[in-house]
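Visitor: Sending over a structure as structure tokens; questions will come in a sec.
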Amino acid sequence: MAALLGFCACAPAAEVEVVGARDLGALEVTDAIRGRDGGYSVLAWERSVWAYGDSILAFEGEDGSAWRNNTASWTADRDAADGVTGFSERVDGLGAPIELLPRTAEEAEFNAAHDGGDPNCEEPCGARKMLWPGAMVDDPARGRVLVFYSKFYGEPGEWNFAAIGASIAVWDGLDRTPERPELRPGSAEPTLLFPLDEGWPLFGSAALAVDDDLYAYGCEGAWAKHCHLGRAPLADALDRDAWRFYDGDGWSEAIADAEPVLDAHTMLTVHYNAHVGRYLAIYSRPLDDDIYLRTAPAPEGPWSEDVLAVATVPGVGDAANYSGLAHPELAREGGRFELISYHRATGDWQSEIRVVELELAPAR
């Protein structure tokens, strides 16, 4: 029961007060975008850089498709008091956004062979391999952004997809395509640092840098999403042997020793808020329109009970809002004002990422 309640039975009270919230409307997009989800962001290259998941286009790109599994955009606008504008993104010759994460030759060949629009489509026709971006962390000492991502396999049918594993791509410039290095040469999935079939969580649900260390959360579960925590030196983030996992008392070399540190969702953000003086975890609950937050003195906790951060604008139809995320690079007054976003359906195959500014205060 305690797991289902998100550790409520023993969690301390949240050390934050939500003073208020201002709805700032939909995030700016071009006419090429009908909808997209996700929306992790990071401060890098003097820009607020955002990564999205599935992106539905208003027209086909040069590849003949109006669907992207991942895209990205960025802006120099760092003042979110009146919303966030001025976004740019990489596009093809027709003006269609291009995908952020590259496929391997094997992945591209597989998807082409199973393309449902091809009369010679191989069975299972419509099968595909997908890449969805997760949290991003700037690593300025090495001139790179670390982009967590998950790889999925899907077949035709509603919600008919499953995770294969998670890994980290390396991005070294907005005008360049991130690289997905082979981190386990000779294995069935050489680009994956954390393959699911070996018992690894999908690390990258959230991630942050603290001093010279990278912290990453992997959250999973049928309903309550239990989040495990890994840590590695930023310089050695691509070396799986450098990772350690929080076991409830300290850091273990074995992922089998890891214990959940909080319940949240498969997408969340964790960052330090100087105004509150605590780490904040911000996320949507499964099948719940609203956004919640927890506080902790350290990335490993102990994490508080969750409290309502904001009641969001309900979407069109039956789909719940999701992917509640914070954007700490756009916080104001040292974190007194925090910008958060969420995905909201606006019609059939149409959606928006809507932004809200919270006003926070330390708990009294």
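Letters A, B, ... mark the chains of the structure tokens in the order given; residue numbers begin at 1 per chain; ligand numbers begin at 1, in order shown.
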Any idea what's packed within 8 Å of Ala80 (chain A), counting only C-alpha atoms, ignoring anything in its chain fewer than 5 positions away? Could you give it as JSON, numbers by chain?
Guide: {"A": [330, 331, 332, 339, 357]}
Visitor: Please dump the current selection as a PDB file, in the first residue's frame; keep C-alpha atoms.
Guide:
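Output saved as result.pdb:
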ATOM      1  CA  LEU A 330      13.808  30.060 -17.085  1.00  0.00           C
ATOM      2  CA  ALA A 331      13.193  30.543 -13.359  1.00  0.00           C
ATOM      3  CA  ARG A 332      13.140  34.115 -12.068  1.00  0.00           C
ATOM      4  CA  LEU A 339       8.264  27.886 -15.282  1.00  0.00           C
ATOM      5  CA  GLU A 357       4.613  30.138 -14.055  1.00  0.00           C
TER       6      GLU A 357
END
Visitor: If DSSP is run on the backbone, what residues of region 129-216 of chain A are helix (DSSP H, G or I)? A reply as a list in words would be ideal.
Guide: Pro140, Ala141, Arg142, Leu196, Asp197 and Glu198 of chain A
Visitor: Keeping only C-alpha atoms, write the selected residues as a PDB file, in the first residue's frame.
Guide:
ATOM      1  CA  PRO A 140      30.402  22.622 -20.404  1.00  0.00           C
ATOM      2  CA  ALA A 141      33.801  21.310 -19.295  1.00  0.00           C
ATOM      3  CA  ARG A 142      33.682  18.921 -22.244  1.00  0.00           C
ATOM      4  CA  LEU A 196      15.977  -3.372 -20.199  1.00  0.00           C
ATOM      5  CA  ASP A 197      16.508  -7.112 -20.637  1.00  0.00           C
ATOM      6  CA  GLU A 198      19.542  -6.919 -18.342  1.00  0.00           C
TER       7      GLU A 198
END
Visitor: Residues near region 269-283 of chain A, anyone? I mean within 7 Å using only C-alpha atoms, not counting same-chain ones fewer than 3 positions away, as a list of chain:residue names.
Guide: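 The residues satisfying every condition are A:Val16, A:Ala206, A:Ala207, A:Leu208, A:Ala264, A:His265, A:Ile291, A:Tyr292, A:Leu293, A:Arg294, A:Thr295, A:Ala296, A:Pro297, A:Ala298, A:Pro299, A:Ser323, A:Gly324, A:Leu325, A:Ala326, A:Gly334, A:Gly335, A:Arg336, A:Ala361, A:Pro362.
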Visitor: Generate a file of the selected residues that holds C-alpha atoms, formatted as a PDB file, in the first residue's frame.
Guide:
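What ended up in part_13.pdb:
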ATOM      1  CA  VAL A  16       7.512  24.569  -0.049  1.00  0.00           C
ATOM      2  CA  ALA A 206      15.065  13.035 -14.922  1.00  0.00           C
ATOM      3  CA  ALA A 207      18.720  14.040 -14.683  1.00  0.00           C
ATOM      4  CA  LEU A 208      20.831  16.821 -13.237  1.00  0.00           C
ATOM      5  CA  ALA A 264       6.614  10.120  -9.615  1.00  0.00           C
ATOM      6  CA  HIS A 265       6.186   9.434 -13.337  1.00  0.00           C
ATOM      7  CA  ILE A 291       0.979  18.675 -11.742  1.00  0.00           C
ATOM      8  CA  TYR A 292       2.599  17.844  -8.418  1.00  0.00           C
ATOM      9  CA  LEU A 293       5.861  18.503  -6.645  1.00  0.00           C
ATOM     10  CA  ARG A 294       8.012  17.076  -3.873  1.00  0.00           C
ATOM     11  CA  THR A 295      10.986  18.514  -1.970  1.00  0.00           C
ATOM     12  CA  ALA A 296      14.202  16.980  -0.639  1.00  0.00           C
ATOM     13  CA  PRO A 297      17.514  18.147   0.841  1.00  0.00           C
ATOM     14  CA  ALA A 298      19.498  15.983  -1.608  1.00  0.00           C
ATOM     15  CA  PRO A 299      18.875  14.192  -4.924  1.00  0.00           C
ATOM     16  CA  SER A 323       4.545  15.397 -19.132  1.00  0.00           C
ATOM     17  CA  GLY A 324       4.551  18.038 -16.416  1.00  0.00           C
ATOM     18  CA  LEU A 325       8.122  19.368 -16.409  1.00  0.00           C
ATOM     19  CA  ALA A 326      10.041  22.290 -14.920  1.00  0.00           C
ATOM     20  CA  GLY A 334      16.430  32.777  -7.825  1.00  0.00           C
ATOM     21  CA  GLY A 335      13.572  30.319  -8.159  1.00  0.00           C
ATOM     22  CA  ARG A 336      10.772  32.324  -6.614  1.00  0.00           C
ATOM     23  CA  ALA A 361       7.973  30.244  -1.115  1.00  0.00           C
ATOM     24  CA  PRO A 362       9.797  28.244   1.557  1.00  0.00           C
TER      25      PRO A 362
END
Visitor: Please provide as a list of chain:residue names all residues within 9 Å of Ala254 (chain A), with the sequence filter that same-chain residues fewer than 6 positions apart are discarded (counting only C-alpha atoms).
Guide: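 Returned residues: A:Trp243, A:Arg244, A:Phe245.
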Visitor: Name all residues at most 8 Å from Val18 (chain A) (count only C-alpha atoms; drop same-chain ones fewer than 2 positions away) and give them as a list of chain:residue names.
Guide: A:Val16, A:Gly20, A:Ala21, A:Ala309, A:Leu358, A:Glu359, A:Leu360, A:Ala361
Visitor: Got a sec: who's within 12 Å of region 258-261 of chain A, counting only C-alpha atoms, leaving out chain neighbours fewer than 5 positions off, as an MDAnalysis selection string?
Guide: chainID A and resid 3 6:7 11 199:201 216:221 224:231 243:253 281 294:296 298:305
Visitor: With N, CA and C atoms kept, could you save the residues just selected as a short mmCIF file (atom, residue, chain, number, x, y, z; two decimals), in the first residue's frame?
Guide:
data_model
loop_
_atom_site.label_atom_id
_atom_site.label_comp_id
_atom_site.auth_asym_id
_atom_site.auth_seq_id
_atom_site.Cartn_x
_atom_site.Cartn_y
_atom_site.Cartn_z
N ALA A 3 3.69 1.77 -1.39
CA ALA A 3 4.18 2.07 -2.73
C ALA A 3 3.11 2.71 -3.58
N GLY A 6 2.78 6.35 -3.02
CA GLY A 6 3.92 7.20 -3.27
C GLY A 6 4.71 7.52 -2.01
N PHE A 7 4.93 6.55 -1.14
CA PHE A 7 5.70 6.69 0.08
C PHE A 7 5.01 7.61 1.09
N ALA A 11 6.68 9.65 4.39
CA ALA A 11 7.32 10.81 3.78
C ALA A 11 7.07 12.06 4.62
N GLY A 199 17.96 -5.90 -16.81
CA GLY A 199 17.51 -5.46 -15.50
C GLY A 199 17.73 -4.00 -15.19
N TRP A 200 18.05 -3.20 -16.20
CA TRP A 200 18.31 -1.78 -15.96
C TRP A 200 17.03 -0.97 -16.05
N PRO A 201 16.88 0.04 -15.19
CA PRO A 201 15.77 0.99 -15.37
C PRO A 201 16.02 1.85 -16.61
N ALA A 216 20.95 10.56 -12.40
CA ALA A 216 19.88 10.20 -13.33
C ALA A 216 18.87 9.31 -12.63
N TYR A 217 17.59 9.60 -12.87
CA TYR A 217 16.49 8.83 -12.31
C TYR A 217 15.89 7.96 -13.41
N GLY A 218 15.53 6.74 -13.04
CA GLY A 218 14.80 5.85 -13.93
C GLY A 218 13.51 5.43 -13.25
N CYS A 219 12.37 5.79 -13.83
CA CYS A 219 11.07 5.60 -13.17
C CYS A 219 10.20 4.65 -13.98
N GLU A 220 9.63 3.66 -13.32
CA GLU A 220 8.82 2.68 -14.02
C GLU A 220 7.86 2.01 -13.05
N GLY A 221 6.88 1.34 -13.62
CA GLY A 221 5.87 0.65 -12.83
C GLY A 221 4.54 0.71 -13.56
N ALA A 224 1.98 3.17 -9.97
CA ALA A 224 2.95 4.00 -9.28
C ALA A 224 4.30 3.84 -9.97
N LYS A 225 4.93 4.93 -10.32
CA LYS A 225 6.20 4.89 -11.03
C LYS A 225 7.33 5.06 -10.01
N HIS A 226 7.99 3.95 -9.70
CA HIS A 226 9.05 3.94 -8.70
C HIS A 226 10.35 4.40 -9.36
N CYS A 227 10.99 5.39 -8.77
CA CYS A 227 12.17 6.00 -9.38
C CYS A 227 13.44 5.55 -8.66
N HIS A 228 14.34 4.90 -9.41
CA HIS A 228 15.66 4.56 -8.91
C HIS A 228 16.64 5.66 -9.33
N LEU A 229 17.75 5.75 -8.62
CA LEU A 229 18.70 6.84 -8.84
C LEU A 229 20.09 6.29 -9.06
N GLY A 230 20.71 6.75 -10.15
CA GLY A 230 22.10 6.41 -10.44
C GLY A 230 22.96 7.66 -10.45
N ARG A 231 24.26 7.47 -10.24
CA ARG A 231 25.19 8.60 -10.21
C ARG A 231 26.51 8.18 -10.84
N TRP A 243 29.12 4.00 -12.99
CA TRP A 243 27.84 4.33 -12.34
C TRP A 243 27.69 3.61 -11.00
N ARG A 244 27.07 4.33 -10.05
CA ARG A 244 26.71 3.78 -8.75
C ARG A 244 25.22 4.05 -8.51
N PHE A 245 24.60 3.24 -7.65
CA PHE A 245 23.15 3.27 -7.52
C PHE A 245 22.76 3.36 -6.05
N TYR A 246 21.81 4.24 -5.76
CA TYR A 246 21.45 4.48 -4.37
C TYR A 246 20.65 3.30 -3.84
N ASP A 247 21.10 2.75 -2.71
CA ASP A 247 20.49 1.53 -2.17
C ASP A 247 19.69 1.78 -0.89
N GLY A 248 19.45 3.03 -0.56
CA GLY A 248 18.72 3.37 0.65
C GLY A 248 19.60 3.86 1.76
N ASP A 249 20.88 3.44 1.74
CA ASP A 249 21.84 3.88 2.76
C ASP A 249 23.08 4.52 2.15
N GLY A 250 23.40 4.16 0.93
CA GLY A 250 24.60 4.66 0.27
C GLY A 250 24.58 4.27 -1.19
N TRP A 251 25.77 4.21 -1.79
CA TRP A 251 25.87 4.00 -3.23
C TRP A 251 26.54 2.67 -3.53
N SER A 252 25.86 1.84 -4.31
CA SER A 252 26.31 0.49 -4.62
C SER A 252 26.73 0.39 -6.08
N GLU A 253 27.66 -0.53 -6.35
CA GLU A 253 28.05 -0.80 -7.72
C GLU A 253 27.00 -1.62 -8.46
N ALA A 281 11.16 18.01 -7.18
CA ALA A 281 10.74 17.05 -8.20
C ALA A 281 9.37 17.48 -8.68
N ARG A 294 7.46 17.56 -5.13
CA ARG A 294 8.01 17.08 -3.87
C ARG A 294 9.28 17.88 -3.59
N THR A 295 9.74 17.86 -2.35
CA THR A 295 10.99 18.51 -1.97
C THR A 295 11.90 17.51 -1.27
N ALA A 296 13.21 17.81 -1.33
CA ALA A 296 14.20 16.98 -0.64
C ALA A 296 15.46 17.80 -0.41
N ALA A 298 18.47 16.55 -0.74
CA ALA A 298 19.50 15.98 -1.61
C ALA A 298 18.82 15.20 -2.72
N PRO A 299 19.51 14.94 -3.83
CA PRO A 299 18.88 14.19 -4.92
C PRO A 299 18.33 12.84 -4.50
N GLU A 300 18.99 12.20 -3.52
CA GLU A 300 18.52 10.89 -3.07
C GLU A 300 17.43 10.97 -2.02
N GLY A 301 17.11 12.17 -1.57
CA GLY A 301 16.06 12.34 -0.59
C GLY A 301 16.59 12.65 0.79
N PRO A 302 15.77 12.42 1.81
CA PRO A 302 14.42 11.84 1.71
C PRO A 302 13.43 12.79 1.07
N TRP A 303 12.64 12.24 0.14
CA TRP A 303 11.67 13.04 -0.58
C TRP A 303 10.38 13.16 0.22
N SER A 304 9.79 14.33 0.13
CA SER A 304 8.56 14.63 0.85
C SER A 304 7.35 13.96 0.21
N GLU A 305 6.24 14.05 0.90
CA GLU A 305 4.97 13.74 0.26
C GLU A 305 4.77 14.70 -0.91
#
Visitor: Could I get the residues of region 230-301 of chain A with an atom no further than 12 Å from an atom of region 164-187 of chain A, each paired with its nearest atom pair and that distance in Å to one decimal, using only C-alpha atoms, sorted by chain and residue number, as JSON lines?
Guide:
{"residue": "A:Leu234", "atom": "CA", "partner": "A:Ile168", "partner_atom": "CA", "distance": 11.9}
{"residue": "A:Asp236", "atom": "CA", "partner": "A:Ile168", "partner_atom": "CA", "distance": 11.7}
{"residue": "A:Ala237", "atom": "CA", "partner": "A:Ile168", "partner_atom": "CA", "distance": 8.3}
{"residue": "A:Leu238", "atom": "CA", "partner": "A:Leu183", "partner_atom": "CA", "distance": 7.0}
{"residue": "A:Asp239", "atom": "CA", "partner": "A:Leu183", "partner_atom": "CA", "distance": 7.6}
{"residue": "A:Arg240", "atom": "CA", "partner": "A:Leu183", "partner_atom": "CA", "distance": 8.5}
{"residue": "A:Asp241", "atom": "CA", "partner": "A:Leu183", "partner_atom": "CA", "distance": 11.3}
Visitor: So which residues of region 64-176 of chain A fall under strand (DSSP E or B) by DSSP, listed as number ranges by chain?
Guide: A: 67-68, 71-75, 81, 83, 88, 91, 97, 128-139, 144-154, 161-171
Visitor: Measure the distance from CA of Ile33 (chain A) to CA of Ile56 (chain A) in Å and round it to one decimal.
Guide: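 Calculated distance between CA of Ile33 (chain A) and CA of Ile56 (chain A) is 6.1 Å.
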Visitor: Could you build a table of the residues in region 112-217 of chain A lying no more than 7 Å from region 34-44 of chain A, giving for each the nearest pair of atoms and their separation in Å rounded to one decimal place, using only C-alpha atoms, ordered by chain and ascending residue number, as a Markdown table?
Guide:
| residue | atom | partner | partner_atom | distance |
| --- | --- | --- | --- | --- |
| A:Gly134 | CA | A:Tyr40 | CA | 6.6 |
| A:Ala135 | CA | A:Tyr40 | CA | 5.7 |
| A:Met136 | CA | A:Val42 | CA | 6.0 |
| A:Val137 | CA | A:Val42 | CA | 6.4 |
| A:Asp138 | CA | A:Ala44 | CA | 6.0 |
Visitor: Residues near Gly61 (chain A), anyone? I mean within 10 Å using only C-alpha atoms, not counting same-chain ones fewer than 6 positions away, as a VMD selection string.
Guide: chain A and resid 32 67 to 68 91 to 98
Visitor: Keeping only N, CA and C atoms, write the selected residues as a PDB file, in the first residue's frame.
Guide:
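Listed below is the output, selection-v2.pdb:
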ATOM      1  N   ALA A  32       4.379  24.520 -39.015  1.00  0.00           N
ATOM      2  CA  ALA A  32       4.677  23.142 -39.406  1.00  0.00           C
ATOM      3  C   ALA A  32       4.245  22.133 -38.352  1.00  0.00           C
ATOM      4  N   TRP A  67       5.394  12.663 -39.670  1.00  0.00           N
ATOM      5  CA  TRP A  67       5.553  12.207 -38.289  1.00  0.00           C
ATOM      6  C   TRP A  67       7.036  12.190 -37.934  1.00  0.00           C
ATOM      7  N   ARG A  68       7.335  12.679 -36.755  1.00  0.00           N
ATOM      8  CA  ARG A  68       8.691  12.621 -36.224  1.00  0.00           C
ATOM      9  C   ARG A  68       8.627  12.010 -34.826  1.00  0.00           C
ATOM     10  N   VAL A  91      15.334  22.457 -39.867  1.00  0.00           N
ATOM     11  CA  VAL A  91      14.284  22.000 -40.773  1.00  0.00           C
ATOM     12  C   VAL A  91      14.910  21.521 -42.076  1.00  0.00           C
ATOM     13  N   ASP A  92      14.126  20.752 -42.849  1.00  0.00           N
ATOM     14  CA  ASP A  92      14.603  20.313 -44.155  1.00  0.00           C
ATOM     15  C   ASP A  92      14.264  21.357 -45.213  1.00  0.00           C
ATOM     16  N   GLY A  93      14.471  21.022 -46.476  1.00  0.00           N
ATOM     17  CA  GLY A  93      14.254  21.977 -47.548  1.00  0.00           C
ATOM     18  C   GLY A  93      12.815  22.383 -47.746  1.00  0.00           C
ATOM     19  N   LEU A  94      11.874  21.623 -47.180  1.00  0.00           N
ATOM     20  CA  LEU A  94      10.454  21.957 -47.273  1.00  0.00           C
ATOM     21  C   LEU A  94       9.954  22.691 -46.034  1.00  0.00           C
ATOM     22  N   GLY A  95      10.853  22.907 -45.079  1.00  0.00           N
ATOM     23  CA  GLY A  95      10.457  23.582 -43.848  1.00  0.00           C
ATOM     24  C   GLY A  95       9.941  22.655 -42.771  1.00  0.00           C
ATOM     25  N   ALA A  96      10.061  21.344 -42.973  1.00  0.00           N
ATOM     26  CA  ALA A  96       9.612  20.374 -41.970  1.00  0.00           C
ATOM     27  C   ALA A  96      10.720  20.147 -40.947  1.00  0.00           C
ATOM     28  N   PRO A  97      10.409  20.192 -39.652  1.00  0.00           N
ATOM     29  CA  PRO A  97      11.428  19.914 -38.640  1.00  0.00           C
ATOM     30  C   PRO A  97      12.060  18.538 -38.856  1.00  0.00           C
ATOM     31  N   ILE A  98      13.350  18.461 -38.613  1.00  0.00           N
ATOM     32  CA  ILE A  98      14.046  17.185 -38.736  1.00  0.00           C
ATOM     33  C   ILE A  98      14.199  16.567 -37.350  1.00  0.00           C
TER      34      ILE A  98
END
Visitor: Between CA of Pro133 (chain A) and CA of Leu101 (chain A), what is the distance, to one decimal in Å?
Guide: 7.9 Å
Visitor: When you draw a straight line from CA of Phe87 (chain A) to CA of Ala72 (chain A), how long is it in Å?
Guide: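 It comes out at 9.8 Å.
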